[in-house]
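Data file: work-v3.csv. Format and content: CSV, N, CA and C atoms.
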```csv
chain,number,residue,atom,x,y,z
A,1,MET,N,-8.4,14.0,-2.3
A,1,MET,CA,-7.5,13.3,-1.4
A,1,MET,C,-7.5,11.8,-1.6
A,2,CYS,N,-6.4,11.2,-1.6
A,2,CYS,CA,-6.3,9.8,-1.9
A,2,CYS,C,-6.7,8.9,-0.7
A,3,GLY,N,-7.1,7.7,-1.0
A,3,GLY,CA,-7.5,6.8,0.0
A,3,GLY,C,-6.4,5.9,0.6
A,4,ALA,N,-5.2,6.2,0.1
A,4,ALA,CA,-4.0,5.3,0.6
A,4,ALA,C,-3.7,5.6,2.1
A,5,ILE,N,-3.2,4.6,2.7
A,5,ILE,CA,-2.8,4.8,4.1
A,5,ILE,C,-1.5,5.7,4.1
A,6,LYS,N,-1.5,6.7,5.0
A,6,LYS,CA,-0.3,7.6,5.0
A,6,LYS,C,0.9,6.8,5.4
A,7,GLY,N,2.0,7.0,4.8
A,7,GLY,CA,3.3,6.3,5.0
A,7,GLY,C,3.3,5.0,4.3
A,8,GLY,N,4.2,4.2,4.8
A,8,GLY,CA,4.4,2.9,4.2
A,8,GLY,C,3.4,1.8,4.7
A,9,PRO,N,3.6,0.6,4.2
A,9,PRO,CA,2.7,-0.5,4.6
A,9,PRO,C,2.7,-0.7,6.1
A,10,SER,N,1.7,-1.4,6.6
A,10,SER,CA,1.6,-1.8,8.0
A,10,SER,C,2.8,-2.5,8.5
A,11,LEU,N,3.2,-2.2,9.7
A,11,LEU,CA,4.3,-2.9,10.3
A,11,LEU,C,3.9,-4.0,11.3
A,12,GLU,N,2.6,-4.3,11.2
A,12,GLU,CA,2.1,-5.4,12.1
A,12,GLU,C,2.9,-6.7,11.8
A,13,GLY,N,3.4,-7.3,12.9
A,13,GLY,CA,4.2,-8.5,12.7
A,13,GLY,C,5.6,-8.3,12.4
A,14,VAL,N,6.1,-7.1,12.3
A,14,VAL,CA,7.5,-6.8,12.0
A,14,VAL,C,8.2,-6.4,13.2
A,15,ASP,N,9.3,-7.1,13.6
A,15,ASP,CA,10.1,-6.8,14.7
A,15,ASP,C,11.0,-5.6,14.4
A,16,VAL,N,10.4,-4.4,14.6
A,16,VAL,CA,11.1,-3.2,14.2
A,16,VAL,C,12.4,-3.0,15.1
A,17,ALA,N,12.3,-3.5,16.3
A,17,ALA,CA,13.5,-3.3,17.3
A,17,ALA,C,14.8,-3.8,16.7
A,18,ASN,N,14.7,-4.8,15.9
A,18,ASN,CA,15.9,-5.5,15.3
A,18,ASN,C,16.1,-5.2,13.8
A,19,GLN,N,15.4,-4.2,13.3
A,19,GLN,CA,15.5,-3.8,11.9
A,19,GLN,C,15.7,-2.3,11.7
A,20,ALA,N,16.3,-2.0,10.6
A,20,ALA,CA,16.4,-0.6,10.1
A,20,ALA,C,15.4,-0.6,8.9
A,21,VAL,N,14.3,0.1,9.0
A,21,VAL,CA,13.3,0.1,8.0
A,21,VAL,C,13.2,1.5,7.3
A,22,ILE,N,13.1,1.4,6.0
A,22,ILE,CA,12.8,2.6,5.2
A,22,ILE,C,11.6,2.3,4.4
A,23,GLN,N,10.6,3.2,4.6
A,23,GLN,CA,9.3,2.9,3.9
A,23,GLN,C,8.6,4.2,3.6
A,24,GLY,N,7.6,4.1,2.7
A,24,GLY,CA,6.9,5.4,2.4
A,24,GLY,C,5.9,5.2,1.3
A,25,ILE,N,5.5,6.3,0.7
A,25,ILE,CA,4.5,6.3,-0.3
A,25,ILE,C,4.9,7.2,-1.4
A,26,VAL,N,4.5,6.8,-2.6
A,26,VAL,CA,4.8,7.7,-3.8
A,26,VAL,C,3.4,8.2,-4.3
A,27,THR,N,3.3,9.5,-4.5
A,27,THR,CA,2.0,10.1,-4.9
A,27,THR,C,2.3,11.1,-6.1
A,28,ARG,N,1.2,11.3,-6.9
A,28,ARG,CA,1.2,12.3,-7.9
A,28,ARG,C,-0.2,12.9,-7.9
A,29,ASP,N,-0.2,14.3,-7.8
A,29,ASP,CA,-1.5,15.0,-7.7
A,29,ASP,C,-2.3,14.4,-6.5
A,30,ASP,N,-1.7,14.2,-5.4
A,30,ASP,CA,-2.4,13.6,-4.2
A,30,ASP,C,-3.0,12.2,-4.3
A,31,GLU,N,-2.6,11.5,-5.4
A,31,GLU,CA,-3.1,10.2,-5.6
A,31,GLU,C,-1.9,9.2,-5.5
A,32,PRO,N,-2.1,8.0,-5.0
A,32,PRO,CA,-1.0,7.0,-4.9
A,32,PRO,C,-0.6,6.6,-6.3
A,33,VAL,N,0.7,6.3,-6.5
A,33,VAL,CA,1.2,5.8,-7.8
A,33,VAL,C,1.7,4.4,-7.6
A,34,GLY,N,0.8,3.5,-8.2
A,34,GLY,CA,1.2,2.0,-8.2
A,34,GLY,C,2.1,1.7,-9.3
A,35,ASN,N,2.9,0.7,-9.1
A,35,ASN,CA,3.8,0.2,-10.1
A,35,ASN,C,4.9,1.2,-10.5
A,36,ALA,N,5.2,2.1,-9.6
A,36,ALA,CA,6.4,2.9,-9.8
A,36,ALA,C,7.6,2.1,-9.3
A,37,TYR,N,8.8,2.5,-9.5
A,37,TYR,CA,9.9,1.8,-8.9
A,37,TYR,C,10.7,2.7,-8.0
A,38,VAL,N,11.1,2.1,-6.9
A,38,VAL,CA,11.9,2.9,-5.9
A,38,VAL,C,13.2,2.1,-5.7
A,39,ARG,N,14.3,2.8,-6.0
A,39,ARG,CA,15.6,2.1,-5.9
A,39,ARG,C,16.3,2.6,-4.6
A,40,LEU,N,17.1,1.7,-4.0
A,40,LEU,CA,17.9,2.0,-2.8
A,40,LEU,C,19.3,2.1,-3.2
A,41,LEU,N,19.9,3.3,-3.1
A,41,LEU,CA,21.3,3.5,-3.4
A,41,LEU,C,22.1,3.7,-2.1
A,42,ASP,N,23.3,3.1,-2.1
A,42,ASP,CA,24.2,3.2,-0.9
A,42,ASP,C,24.8,4.6,-0.8
A,43,ALA,N,25.6,4.9,0.2
A,43,ALA,CA,26.2,6.2,0.4
A,43,ALA,C,27.1,6.6,-0.8
A,44,GLY,N,27.6,5.7,-1.5
A,44,GLY,CA,28.4,6.0,-2.7
A,44,GLY,C,27.6,6.1,-4.0
A,45,GLY,N,26.3,5.9,-3.9
A,45,GLY,CA,25.5,6.0,-5.1
A,45,GLY,C,25.3,4.7,-5.8
A,46,GLU,N,25.8,3.6,-5.2
A,46,GLU,CA,25.7,2.3,-5.9
A,46,GLU,C,24.3,1.7,-5.7
A,47,PHE,N,23.8,1.1,-6.7
A,47,PHE,CA,22.5,0.4,-6.7
A,47,PHE,C,22.6,-0.8,-5.7
A,48,THR,N,21.6,-0.8,-4.8
A,48,THR,CA,21.5,-1.9,-3.8
A,48,THR,C,20.3,-2.8,-3.9
A,49,ALA,N,19.2,-2.1,-4.2
A,49,ALA,CA,17.9,-2.9,-4.3
A,49,ALA,C,16.9,-2.0,-5.0
A,50,GLU,N,15.8,-2.7,-5.5
A,50,GLU,CA,14.7,-2.0,-6.1
A,50,GLU,C,13.4,-2.7,-5.8
A,51,VAL,N,12.3,-2.0,-5.6
A,51,VAL,CA,11.0,-2.6,-5.3
A,51,VAL,C,10.0,-1.8,-6.1
A,52,PRO,N,8.9,-2.4,-6.6
A,52,PRO,CA,7.8,-1.7,-7.2
A,52,PRO,C,6.9,-1.2,-6.1
A,53,THR,N,6.2,-0.1,-6.3
A,53,THR,CA,5.2,0.3,-5.3
A,53,THR,C,4.0,-0.5,-5.4
A,54,SER,N,3.2,-0.6,-4.3
A,54,SER,CA,2.0,-1.4,-4.3
A,54,SER,C,0.9,-0.5,-5.1
A,55,ALA,N,-0.2,-1.1,-5.2
A,55,ALA,CA,-1.4,-0.4,-5.9
A,55,ALA,C,-1.7,0.9,-5.1
A,56,THR,N,-1.3,1.0,-3.8
A,56,THR,CA,-1.6,2.1,-3.0
A,56,THR,C,-0.3,3.0,-2.9
A,57,GLY,N,0.7,2.8,-3.8
A,57,GLY,CA,1.8,3.6,-3.8
A,57,GLY,C,2.9,3.4,-2.7
A,58,GLN,N,2.7,2.3,-2.0
A,58,GLN,CA,3.6,2.1,-0.8
A,58,GLN,C,4.8,1.2,-1.2
A,59,PHE,N,5.9,1.4,-0.4
A,59,PHE,CA,7.1,0.6,-0.6
A,59,PHE,C,7.8,0.5,0.8
A,60,ARG,N,8.7,-0.5,0.8
A,60,ARG,CA,9.4,-0.8,2.1
A,60,ARG,C,10.8,-1.5,1.7
A,61,PHE,N,11.8,-1.0,2.4
A,61,PHE,CA,13.1,-1.7,2.4
A,61,PHE,C,13.5,-2.0,3.8
A,62,PHE,N,14.2,-3.1,4.0
A,62,PHE,CA,14.9,-3.4,5.2
A,62,PHE,C,16.4,-3.2,4.9
A,63,ALA,N,17.0,-2.2,5.5
A,63,ALA,CA,18.4,-1.8,5.1
A,63,ALA,C,19.3,-1.9,6.3
A,64,ALA,N,20.6,-1.8,6.0
A,64,ALA,CA,21.6,-1.7,7.0
A,64,ALA,C,21.5,-0.3,7.6
A,65,PRO,N,21.9,-0.1,8.8
A,65,PRO,CA,21.9,1.3,9.3
A,65,PRO,C,22.9,2.1,8.5
A,66,GLY,N,22.5,3.4,8.3
A,66,GLY,CA,23.4,4.3,7.6
A,66,GLY,C,22.7,5.2,6.6
A,67,SER,N,23.4,5.9,5.8
A,67,SER,CA,22.9,6.9,4.9
A,67,SER,C,22.6,6.2,3.5
A,68,TRP,N,21.4,6.5,3.0
A,68,TRP,CA,20.9,6.0,1.8
A,68,TRP,C,20.3,7.0,0.9
A,69,THR,N,20.1,6.7,-0.4
A,69,THR,CA,19.3,7.6,-1.3
A,69,THR,C,18.3,6.7,-1.9
A,70,LEU,N,17.0,7.3,-1.9
A,70,LEU,CA,15.9,6.6,-2.6
A,70,LEU,C,15.8,7.3,-4.0
A,71,ARG,N,15.8,6.5,-5.1
A,71,ARG,CA,15.6,7.1,-6.4
A,71,ARG,C,14.2,6.5,-6.9
A,72,THR,N,13.3,7.4,-7.2
A,72,THR,CA,12.0,7.0,-7.6
A,72,THR,C,11.8,7.2,-9.1
A,73,LEU,N,11.3,6.2,-9.8
A,73,LEU,CA,11.1,6.2,-11.2
A,73,LEU,C,9.6,6.0,-11.5
A,74,VAL,N,9.0,6.9,-12.2
A,74,VAL,CA,7.6,6.9,-12.5
A,74,VAL,C,7.5,7.3,-14.0
A,75,PRO,N,6.7,6.6,-14.8
A,75,PRO,CA,6.6,7.0,-16.2
A,75,PRO,C,6.0,8.4,-16.3
A,76,ARG,N,6.5,9.2,-17.2
A,76,ARG,CA,6.1,10.5,-17.5
A,76,ARG,C,6.3,11.5,-16.3
A,77,ALA,N,7.4,11.2,-15.6
A,77,ALA,CA,7.7,12.1,-14.4
A,77,ALA,C,9.2,12.1,-14.3
A,78,ASP,N,9.7,13.2,-13.8
A,78,ASP,CA,11.2,13.4,-13.5
A,78,ASP,C,11.6,12.4,-12.4
A,79,VAL,N,12.8,11.9,-12.5
A,79,VAL,CA,13.3,11.1,-11.4
A,79,VAL,C,13.4,11.9,-10.1
A,80,VAL,N,13.0,11.4,-9.0
A,80,VAL,CA,13.0,12.1,-7.7
A,80,VAL,C,14.0,11.3,-6.8
A,81,GLU,N,14.9,12.0,-6.2
A,81,GLU,CA,15.8,11.4,-5.2
A,81,GLU,C,15.6,12.0,-3.8
A,82,ARG,N,15.6,11.2,-2.8
A,82,ARG,CA,15.5,11.6,-1.4
A,82,ARG,C,16.6,10.9,-0.6
A,83,LYS,N,17.3,11.7,0.2
A,83,LYS,CA,18.3,11.2,1.1
A,83,LYS,C,17.5,10.7,2.4
A,84,VAL,N,18.0,9.6,3.0
A,84,VAL,CA,17.3,9.1,4.2
A,84,VAL,C,18.4,8.4,5.0
A,85,VAL,N,18.2,8.4,6.3
A,85,VAL,CA,19.1,7.7,7.2
A,85,VAL,C,18.3,6.6,7.9
A,86,ALA,N,18.9,5.4,7.8
A,86,ALA,CA,18.2,4.2,8.4
A,86,ALA,C,18.9,4.0,9.7
A,87,GLN,N,18.1,3.7,10.8
A,87,GLN,CA,18.7,3.4,12.1
A,87,GLN,C,18.0,2.1,12.6
A,88,LYS,N,18.8,1.2,13.2
A,88,LYS,CA,18.2,0.0,13.8
A,88,LYS,C,17.2,0.4,14.9
A,89,GLY,N,16.1,-0.2,14.8
A,89,GLY,CA,15.0,0.1,15.8
A,89,GLY,C,14.1,1.2,15.5
A,90,ALA,N,14.3,1.8,14.2
A,90,ALA,CA,13.5,2.9,13.8
A,90,ALA,C,13.0,2.7,12.4
A,91,VAL,N,11.9,3.4,12.1
A,91,VAL,CA,11.3,3.4,10.8
A,91,VAL,C,11.5,4.8,10.2
A,92,ALA,N,12.2,4.9,9.1
A,92,ALA,CA,12.3,6.1,8.4
A,92,ALA,C,11.2,6.2,7.3
A,93,GLU,N,10.2,7.1,7.6
A,93,GLU,CA,9.1,7.3,6.7
A,93,GLU,C,9.4,8.4,5.6
A,94,VAL,N,9.2,8.0,4.4
A,94,VAL,CA,9.6,8.9,3.3
A,94,VAL,C,8.3,9.1,2.4
A,95,ALA,N,7.9,10.4,2.2
A,95,ALA,CA,6.9,10.7,1.2
A,95,ALA,C,7.5,11.2,0.0
A,96,VAL,N,7.2,10.6,-1.2
A,96,VAL,CA,7.8,11.1,-2.4
A,96,VAL,C,6.6,11.6,-3.3
A,97,THR,N,6.7,12.8,-3.8
A,97,THR,CA,5.7,13.4,-4.7
A,97,THR,C,6.4,13.6,-6.0
A,98,VAL,N,5.8,13.1,-7.1
A,98,VAL,CA,6.3,13.2,-8.4
A,98,VAL,C,5.4,14.1,-9.2
```

structure tokens encoding of this file:
Amino acid sequence: MCGAIKGGPSLEGVDVANQAVIQGIVTRDDEPVGNAYVRLLDAGGEFTAEVPTSATGQFRFFAAPGSWTLRTLVPRADVVERKVVAQKGAVAEVAVTV
């Protein structure tokens, strides 16, 4: 079992009430995947943003409310996509296993 914190990074100091947050963790074989890339695509499939995962496999986006797709890119793994809905005042937690 990995030592990473479940879910995304700590939300301490983040005013979640005024944000739509999408965050999570990328794992392979129950271990966090650092330096993977997670892309945020809009409802039409257009690229909006990209972040690298932390050493503990975590990522976070502040997005507009609505439907999004997360596309995760990890060396020597198939691309993984996850649909997610962002809502103002809520945190959408996404676990991605490659």

Could you check how far CA of Val85 (chain A) sits from atom C of Pro65 (chain A), in Å to one decimal?
6.9 Å

Need to verify the contact set: Ser54 (chain A), 5 Å, all atoms listed in the file, exclusion of same-chain residues closer than 2 positions in sequence. Can you return it as number ranges by chain?
A: 34-35, 52, 56-58

Which of these, A:Phe62, A:Val96, A:Thr53, A:Lys83, has the shortest distance to Ala20 (chain A) once you count all atoms listed in the file?
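Comparing A:Phe62, A:Val96, A:Thr53, A:Lys83 against Ala20 (chain A), the winner is A:Phe62.
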
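When atom N of Val74 (chain A) is paired with CA of Val38 (chain A), their separation reads 8.0 Å.
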
Spatial neighbours of Thr97 (chain A), 7 Å, only C-alpha atoms, chain gap at least 5 places, as a compact mmCIF listing (two decimals) with N, CA and C atoms, in the coordinates of the input:
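This is the output file out20.txt:
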```txt
# COMPACT_ATOMS: atom_id res chain seq x y z
N VAL A 26 4.50 6.80 -2.60
CA VAL A 26 4.80 7.70 -3.80
C VAL A 26 3.40 8.20 -4.30
N THR A 27 3.30 9.50 -4.50
CA THR A 27 2.00 10.10 -4.90
C THR A 27 2.30 11.10 -6.10
N ARG A 28 1.20 11.30 -6.90
CA ARG A 28 1.20 12.30 -7.90
C ARG A 28 -0.20 12.90 -7.90
```
